[in-house]
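Data block for my_file_24.cif (mmCIF, C-alpha atoms and all ligand atoms):
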```
data_run
loop_
_atom_site.label_atom_id
_atom_site.label_comp_id
_atom_site.auth_asym_id
_atom_site.auth_seq_id
_atom_site.Cartn_x
_atom_site.Cartn_y
_atom_site.Cartn_z
CA MET A 538 172.26 138.54 78.21
CA THR A 539 171.88 140.50 74.96
CA GLU A 540 169.38 142.81 76.64
CA ARG A 541 171.96 143.62 79.29
CA ILE A 542 175.03 144.37 77.15
CA ASP A 543 175.55 147.90 75.86
CA GLY A 544 178.32 150.43 75.41
CA HIS A 545 178.72 150.84 79.17
CA THR A 546 179.01 147.18 80.13
CA ILE A 547 181.97 146.52 82.43
CA LEU A 548 184.01 143.38 81.78
CA ILE A 549 185.24 140.90 84.37
CA GLY A 550 187.34 137.89 83.37
CA LEU A 551 188.29 134.43 84.51
CA MET A 552 191.80 133.50 83.43
CA ALA A 553 192.81 129.85 83.69
CA TYR A 554 193.43 126.69 81.69
CA PRO A 555 191.46 124.49 81.33
CA ILE A 556 188.42 126.59 82.20
CA ARG A 557 185.50 125.90 79.85
CA HIS A 558 183.85 123.63 82.47
CA SER A 559 183.65 126.42 85.09
CA MET A 560 180.34 127.40 86.70
CA SER A 561 181.66 130.87 87.59
CA PRO A 562 180.48 132.67 84.41
CA THR A 563 176.94 131.31 84.87
CA MET A 564 176.99 132.19 88.56
CA HIS A 565 178.23 135.79 88.19
CA ASN A 566 176.19 136.66 85.07
CA ASN A 567 172.98 135.44 86.72
CA ALA A 568 173.82 137.48 89.81
CA PHE A 569 174.48 140.62 87.70
CA ALA A 570 171.18 140.12 85.88
CA LYS A 571 169.25 139.58 89.12
CA LEU A 572 170.61 142.84 90.59
CA GLY A 573 170.43 144.79 87.32
CA LEU A 574 174.18 145.46 87.32
CA ASN A 575 175.80 146.33 84.00
CA TYR A 576 178.69 143.86 84.14
CA ALA A 577 179.59 140.80 82.04
CA TYR A 578 181.81 137.92 83.18
CA LEU A 579 183.69 135.86 80.58
CA ALA A 580 186.09 132.91 80.78
CA PHE A 581 189.41 133.17 78.94
CA GLU A 582 191.80 130.29 78.33
CA VAL A 583 195.03 131.73 79.73
CA THR A 584 198.18 129.71 80.44
CA ASN A 585 201.37 130.75 82.27
CA ASP A 586 202.78 131.74 78.87
CA THR A 587 199.99 134.17 77.98
CA LEU A 588 199.36 135.42 81.52
CA PRO A 589 201.50 138.62 81.33
CA GLN A 590 199.62 139.88 78.25
CA ALA A 591 196.27 138.88 79.74
CA ILE A 592 196.99 140.79 82.97
CA GLU A 593 198.14 143.82 81.02
CA ALA A 594 194.85 143.63 79.08
CA ILE A 595 192.96 144.18 82.35
CA ARG A 596 194.59 147.62 82.46
CA THR A 597 194.43 148.29 78.72
CA LEU A 598 190.73 147.41 78.40
CA ASP A 599 189.86 148.96 81.76
CA MET A 600 188.30 145.70 82.95
CA ARG A 601 187.05 145.84 86.55
CA GLY A 602 189.01 142.71 87.38
CA SER A 603 189.27 138.98 86.99
CA ASN A 604 189.21 135.66 88.71
CA ILE A 605 192.40 133.66 88.40
CA SER A 606 192.57 129.89 88.62
CA MET A 607 195.05 127.12 87.91
CA PRO A 608 197.75 127.22 86.65
CA ASN A 609 198.02 130.98 87.27
CA LYS A 610 197.26 131.53 90.96
CA GLN A 611 200.90 131.93 92.01
CA LYS A 612 202.42 133.08 88.72
CA VAL A 613 200.16 136.14 88.69
CA ILE A 614 201.62 137.64 91.88
CA PRO A 615 204.63 139.50 90.37
CA LEU A 616 202.36 140.96 87.68
CA LEU A 617 200.17 142.81 90.20
CA ASP A 618 200.69 146.16 91.95
CA GLN A 619 199.77 145.01 95.45
CA LEU A 620 198.39 142.11 97.46
CA ASP A 621 195.76 141.94 100.14
CA PRO A 622 197.51 140.74 103.37
CA ALA A 623 195.70 137.36 103.35
CA ALA A 624 196.66 136.72 99.71
CA GLU A 625 200.23 137.59 100.59
CA MET A 626 200.25 135.05 103.43
CA VAL A 627 198.54 132.40 101.30
CA GLY A 628 200.95 133.06 98.42
CA ALA A 629 198.16 132.78 95.84
CA VAL A 630 195.57 135.02 94.19
CA ASN A 631 192.14 134.05 92.85
CA THR A 632 190.67 137.54 92.42
CA ILE A 633 192.06 140.75 90.92
CA VAL A 634 190.48 144.17 91.35
CA ASN A 635 191.44 146.99 88.98
CA ASP A 636 191.22 150.47 90.49
CA ALA A 637 192.13 152.92 87.72
CA GLY A 638 194.99 150.76 86.49
CA LYS A 639 196.21 149.64 89.93
CA LEU A 640 195.75 145.88 90.29
CA THR A 641 195.23 144.34 93.73
CA GLY A 642 195.28 140.56 94.29
CA TYR A 643 192.99 138.82 96.78
CA CYS A 644 192.40 135.23 97.80
CA THR A 645 188.72 134.67 98.55
CA ASP A 646 188.77 130.87 99.09
CA GLY A 647 189.55 131.20 102.80
CA THR A 648 186.99 133.94 103.42
CA GLY A 649 184.50 131.82 101.47
CA PHE A 650 185.15 128.92 103.84
CA MET A 651 184.70 131.07 106.96
CA GLN A 652 181.55 132.74 105.56
CA SER A 653 180.00 129.38 104.66
CA LEU A 654 180.26 128.40 108.34
CA LYS A 655 178.70 131.71 109.41
CA ASP A 656 175.84 131.04 106.97
CA GLU A 657 175.07 127.95 109.08
CA ASN A 658 175.36 129.99 112.30
CA LEU A 659 178.60 128.21 113.15
CA ASP A 660 181.41 130.11 114.83
CA ILE A 661 184.84 128.48 115.09
CA THR A 662 186.72 131.47 116.49
CA GLY A 663 188.48 130.51 119.71
CA GLU A 664 188.19 126.82 118.79
CA LYS A 665 190.58 124.12 117.66
CA MET A 666 190.48 122.74 114.11
CA VAL A 667 191.91 119.63 112.53
CA LEU A 668 192.65 120.46 108.90
CA VAL A 669 193.85 117.89 106.39
CA GLY A 670 195.43 119.27 103.23
CA ALA A 671 197.97 121.92 102.31
CA GLY A 672 197.29 122.48 98.63
CA GLY A 673 195.49 125.52 97.25
CA ALA A 674 192.29 125.08 99.27
CA GLY A 675 193.98 123.86 102.45
CA THR A 676 196.41 126.76 102.49
CA ALA A 677 193.69 129.39 102.00
CA ILE A 678 191.54 127.82 104.73
CA ALA A 679 194.41 127.54 107.23
CA ILE A 680 195.56 131.14 106.78
CA GLN A 681 192.08 132.70 106.89
CA ALA A 682 190.97 130.61 109.87
CA ALA A 683 194.12 131.69 111.73
CA LEU A 684 193.60 135.35 110.78
CA ASP A 685 189.94 135.19 111.85
CA GLY A 686 190.68 133.92 115.35
CA VAL A 687 190.70 130.12 115.30
CA LYS A 688 192.77 129.29 118.38
CA GLU A 689 194.60 126.19 117.27
CA ILE A 690 195.09 124.29 114.01
CA ALA A 691 196.42 120.74 113.85
CA LEU A 692 197.47 120.53 110.20
CA PHE A 693 197.79 117.04 108.73
CA ASN A 694 199.14 116.10 105.30
CA ARG A 695 200.52 113.06 103.56
CA GLN A 696 204.27 113.10 103.22
CA ASP A 697 203.91 113.89 99.52
CA GLU A 698 204.84 116.88 97.36
CA PHE A 699 202.56 119.11 99.49
CA TRP A 700 204.41 118.37 102.75
CA ASN A 701 206.70 121.40 102.33
CA ASN A 702 203.62 123.57 101.85
CA ALA A 703 202.19 122.23 105.08
CA GLN A 704 205.44 123.07 106.89
CA ARG A 705 205.41 126.56 105.42
CA ASN A 706 201.76 127.13 106.36
CA VAL A 707 202.41 126.19 109.98
CA GLU A 708 205.43 128.51 110.12
CA VAL A 709 203.57 131.46 108.58
CA ILE A 710 200.61 131.04 110.94
CA ASN A 711 202.78 130.79 114.06
CA GLU A 712 204.87 133.76 113.01
CA LYS A 713 202.12 136.12 111.84
CA THR A 714 198.91 135.28 113.73
CA ASN A 715 197.77 134.52 117.27
CA CYS A 716 196.75 131.01 116.23
CA GLN A 717 198.92 128.08 117.29
CA ALA A 718 199.55 125.68 114.41
CA THR A 719 201.12 122.23 114.61
CA LEU A 720 202.24 119.92 111.81
CA HIS A 721 201.25 116.24 111.70
CA ALA A 722 201.83 113.36 109.32
CA LEU A 723 198.57 111.92 108.03
CA GLU A 724 200.19 108.49 108.16
CA ASP A 725 200.03 108.61 112.01
CA GLN A 726 196.45 107.46 112.46
CA ALA A 727 196.53 107.37 116.27
CA ASP A 728 197.63 111.02 116.27
CA LEU A 729 194.85 111.94 113.82
CA LYS A 730 192.22 110.27 115.98
CA ALA A 731 193.49 111.99 119.16
CA GLU A 732 193.57 115.43 117.53
CA ILE A 733 190.07 115.02 116.08
CA GLN A 734 188.70 114.13 119.48
CA ASP A 735 190.23 117.30 120.91
CA SER A 736 188.75 119.59 118.21
CA ALA A 737 185.55 121.46 117.40
CA ILE A 738 185.89 121.01 113.63
CA TYR A 739 187.41 118.49 111.25
CA CYS A 740 187.99 119.88 107.76
CA ASP A 741 189.12 117.82 104.77
CA ALA A 742 190.76 119.98 102.09
CA THR A 743 192.33 117.12 100.13
CA SER A 744 191.41 115.53 96.83
CA ALA A 745 189.87 112.58 98.71
CA GLY A 746 186.16 112.26 98.01
CA MET A 747 186.34 114.02 94.65
CA ASN A 748 186.52 112.37 91.22
CA PRO A 749 188.54 110.14 90.68
CA LEU A 750 188.81 109.50 94.45
CA GLU A 751 185.06 109.43 95.24
CA ASP A 752 185.42 106.21 97.21
CA LEU A 753 188.17 107.55 99.45
CA THR A 754 187.69 109.00 102.92
CA LEU A 755 190.61 109.70 105.25
CA VAL A 756 188.49 108.86 108.29
CA THR A 757 186.62 105.57 108.01
CA ASN A 758 185.64 104.93 111.62
CA PRO A 759 182.57 106.90 112.84
CA ASP A 760 183.78 106.48 116.44
CA TRP A 761 186.52 109.05 115.76
CA PHE A 762 183.95 111.84 115.54
CA LYS A 763 181.97 113.52 118.33
CA SER A 764 178.33 114.34 117.67
CA ASP A 765 178.72 117.99 118.70
CA MET A 766 181.56 118.75 116.28
CA ILE A 767 181.55 120.11 112.71
CA VAL A 768 182.70 117.90 109.84
CA PHE A 769 183.44 119.91 106.70
CA ASP A 770 184.38 118.40 103.35
CA THR A 771 185.57 120.98 100.80
CA VAL A 772 184.36 118.73 97.98
CA TYR A 773 180.97 119.68 96.48
CA ALA A 774 180.67 117.15 93.65
CA PRO A 775 179.36 114.72 94.79
CA ARG A 776 177.20 116.63 97.27
CA THR A 777 177.48 113.82 99.82
CA THR A 778 180.99 112.42 100.04
CA LYS A 779 182.21 109.23 101.72
CA LEU A 780 183.56 111.33 104.61
CA MET A 781 180.17 112.95 105.10
CA THR A 782 178.52 109.51 105.20
CA VAL A 783 180.92 108.42 107.95
CA ALA A 784 180.18 111.62 109.91
CA GLN A 785 176.43 111.17 109.49
CA LYS A 786 176.77 107.60 110.78
CA ALA A 787 178.50 109.03 113.84
CA GLY A 788 175.50 111.31 114.45
CA VAL A 789 177.55 114.47 113.81
CA LYS A 790 175.18 117.44 113.96
CA HIS A 791 176.89 119.72 111.45
CA VAL A 792 178.08 117.92 108.32
CA LEU A 793 178.84 120.30 105.45
CA ASN A 794 180.08 119.96 101.87
CA GLY A 795 182.05 122.60 99.93
CA LEU A 796 179.14 124.12 98.01
CA GLY A 797 178.70 126.98 100.48
CA MET A 798 182.44 127.71 100.35
CA MET A 799 182.37 127.76 96.54
CA LEU A 800 179.40 130.15 96.46
CA GLU A 801 180.84 132.41 99.16
CA GLN A 802 184.30 132.69 97.55
CA GLY A 803 182.44 133.90 94.46
CA ALA A 804 180.28 136.24 96.53
CA GLU A 805 183.38 137.73 98.12
CA ALA A 806 184.87 138.48 94.68
CA PHE A 807 181.50 139.83 93.46
CA LYS A 808 181.45 142.26 96.39
CA LEU A 809 185.02 143.38 95.71
CA TRP A 810 184.17 144.20 92.07
CA THR A 811 180.67 145.66 92.41
CA GLY A 812 180.39 146.75 96.04
CA GLU A 813 177.14 144.75 96.22
CA PRO A 814 176.42 141.48 98.04
CA MET A 815 175.84 138.57 95.67
CA PRO A 816 172.32 137.10 95.97
CA VAL A 817 173.77 133.80 97.22
CA ASP A 818 170.49 132.06 98.08
CA TYR A 819 169.03 132.94 94.68
CA ILE A 820 172.12 131.57 92.89
CA ARG A 821 172.14 128.40 95.03
CA ASP A 822 168.49 127.71 94.23
CA LEU A 823 168.89 128.56 90.55
CA LEU A 824 172.03 126.56 89.79
CA PHE A 825 172.71 123.93 92.46
P1 LIG A 901 195.73 120.64 95.45
O1 LIG A 901 196.14 119.69 94.37
O2 LIG A 901 196.32 121.98 95.52
O3 LIG A 901 195.99 119.91 96.88
C1 LIG A 901 195.67 118.55 97.05
C2 LIG A 901 195.78 118.18 98.54
O4 LIG A 901 195.22 116.84 98.68
C3 LIG A 901 197.21 118.08 99.06
O5 LIG A 901 197.23 118.46 100.42
C4 LIG A 901 197.54 116.59 98.91
O6 LIG A 901 198.54 116.15 99.83
C5 LIG A 901 196.20 115.97 99.26
N1 LIG A 901 195.96 114.64 98.70
C6 LIG A 901 195.85 114.32 97.39
N2 LIG A 901 195.57 113.00 97.27
C7 LIG A 901 195.48 112.50 98.53
C8 LIG A 901 195.22 111.22 99.05
N3 LIG A 901 194.99 110.17 98.26
N4 LIG A 901 195.22 111.05 100.39
C9 LIG A 901 195.46 112.11 101.21
N5 LIG A 901 195.71 113.36 100.77
C10 LIG A 901 195.74 113.54 99.45
O7 LIG A 901 194.15 120.72 95.35
P2 LIG A 901 193.16 121.86 95.89
O8 LIG A 901 192.87 122.79 94.79
O9 LIG A 901 193.67 122.37 97.19
O10 LIG A 901 191.83 121.01 96.13
C11 LIG A 901 191.73 120.17 97.27
C12 LIG A 901 190.26 119.90 97.56
O11 LIG A 901 189.60 121.12 97.83
C13 LIG A 901 189.52 119.26 96.39
O12 LIG A 901 188.71 118.22 96.89
C14 LIG A 901 188.66 120.37 95.83
O13 LIG A 901 187.41 119.89 95.37
C15 LIG A 901 188.42 121.22 97.07
N6 LIG A 901 188.20 122.63 96.74
C16 LIG A 901 186.99 123.16 97.09
C17 LIG A 901 186.74 124.49 96.83
C18 LIG A 901 185.41 125.07 97.21
O14 LIG A 901 185.16 126.25 96.95
N7 LIG A 901 184.54 124.32 97.85
C19 LIG A 901 187.72 125.31 96.23
C20 LIG A 901 188.94 124.73 95.89
C21 LIG A 901 189.16 123.38 96.15
#
```

Reformat the file's structure so that it appears as structure tokens.
Amino acid sequence: MTERIDGHTILIGLMAYPIRHSMSPTMHNNAFAKLGLNYAYLAFEVTNDTLPQAIEAIRTLDMRGSNISMPNKQKVIPLLDQLDPAAEMVGAVNTIVNDAGKLTGYCTDGTGFMQSLKDENLDITGEKMVLVGAGGAGTAIAIQAALDGVKEIALFNRQDEFWNNAQRNVEVINEKTNCQATLHALEDQADLKAEIQDSAIYCDATSAGMNPLEDLTLVTNPDWFKSDMIVFDTVYAPRTTKLMTVAQKAGVKHVLNGLGMMLEQGAEAFKLWTGEPMPVDYIRDLLF
């Protein structure tokens, strides 16, 4: 790192709280080093209270941009000059690009999801998807899938505090894209089973499967899955979740965790800042 930093080094940030656990600084700095790019990526503990000053600092210090994570993904929107159309539809920003003082907000989680499927030579355009979850990840996935040509999305959620989000996501998709979205209560298990059996991909974008819910899967019966479908769990720690075990038991051919999505959302941001593709395979082998 010290060999790389000089008077010309360009700074990129990550503004969130808590954030010290993040892998993003390691991922981006290794990618810069591998490509010989004179950038440095640093994590900053930024809360909603300090966000306005931190965003202004991007302009003041002529930083190239920043990643944004919780609790700032929505709060940052009024502080920016413009939004990419997908970020506007998602209503959240995870990446900022600074072009000579003009800050544009992007959301790369959804493009990361779609790219991680492409990396496995899987194409879900024109297909039907069952998606469970309408939080940050579920919203980004739903909007990007709809924008990229997924034909139909059956969106399930618990009737919890995210239910309104799910309603909103369905409305936005039906109003602004050619995809047809329908809203379903996760509590209706017969409906979930029927929709899965009518779909090419089942995607879980809930907290199920992730610490502290490692033992939870929203589908427990392997018979609900078809062997020729895709089962995608957005969780990447653990690498094999309970849902993935159920899908493997069903003989599902394409069972994916969220590691590819995580790497590709980073790669998308990397490209926006540097104009270069991130060496994704190198980073995967080095760090994961
Ligand atoms: P969030 O808190 O914004 O949303 C949580 C979602 O999970 C909501 O839809 C909620 O209704 C649902 N949920 C919570 N507990 C549940 C339960 N017991 N049963 C059924 N549904 C439940 O969280 P988020 O940031 O959207 O994260 C959701 C998942 O996505 C997490 O597992 C996270 O690991 C994953 N994620 C992956 C990536 C990636 O790059 N791979 C990025 C972000 C999030």

Rank nothing, just name the residue among A:Asn658, A:Thr757, A:Gln619, A:Thr587 nearest to Ala787 in chain A, using all atoms listed in the file.
A:Thr757

Just the residues within 10 Å of Asp741 in chain A, please, counting only C-alpha atoms, with nothing from its chain fewer than 6 positions along; format it as an MDAnalysis selection string.
chainID A and resid 667:670 674:675 693 754:756 768:772 780 794:795

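Residue nearest ligand LIG 901 (chain A), chosen from A:Trp700, A:Phe825, A:Tyr739, A:Phe762 and counting only C-alpha atoms and all ligand atoms: A:Trp700.
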
Residues within 9 Å of ligand LIG 901 (chain A), counting only C-alpha atoms and all ligand atoms: report them as a PyMOL selection string.
chain A and resi 607+646-647+649-650+669-677+693-700+702-703+723+741-748+750+753-755+770-774+794-803

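Considering the residues A:Lys655, A:His791, A:Arg705, A:His545 and counting only C-alpha atoms, Ala679 in chain A has its shortest atom-to-atom contact with A:Arg705.
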
Computed interatomic separation between CA of Asn711 in chain A and CA of Met651 in chain A (Å):
19.4 Å

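Taking CA of Leu729 in chain A and CA of Asp760 in chain A as the two end points, the separation is 12.6 Å.
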
Between CA of Ala731 in chain A and CA of Lys688 in chain A, what distance in Å does the model show, to one decimal?
17.3 Å

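Here the question is which of A:Thr584, A:Thr778, A:Ser736, A:Gln785 gets nearest to Asn758 in chain A using all atoms listed in the file, and that residue is A:Gln785.
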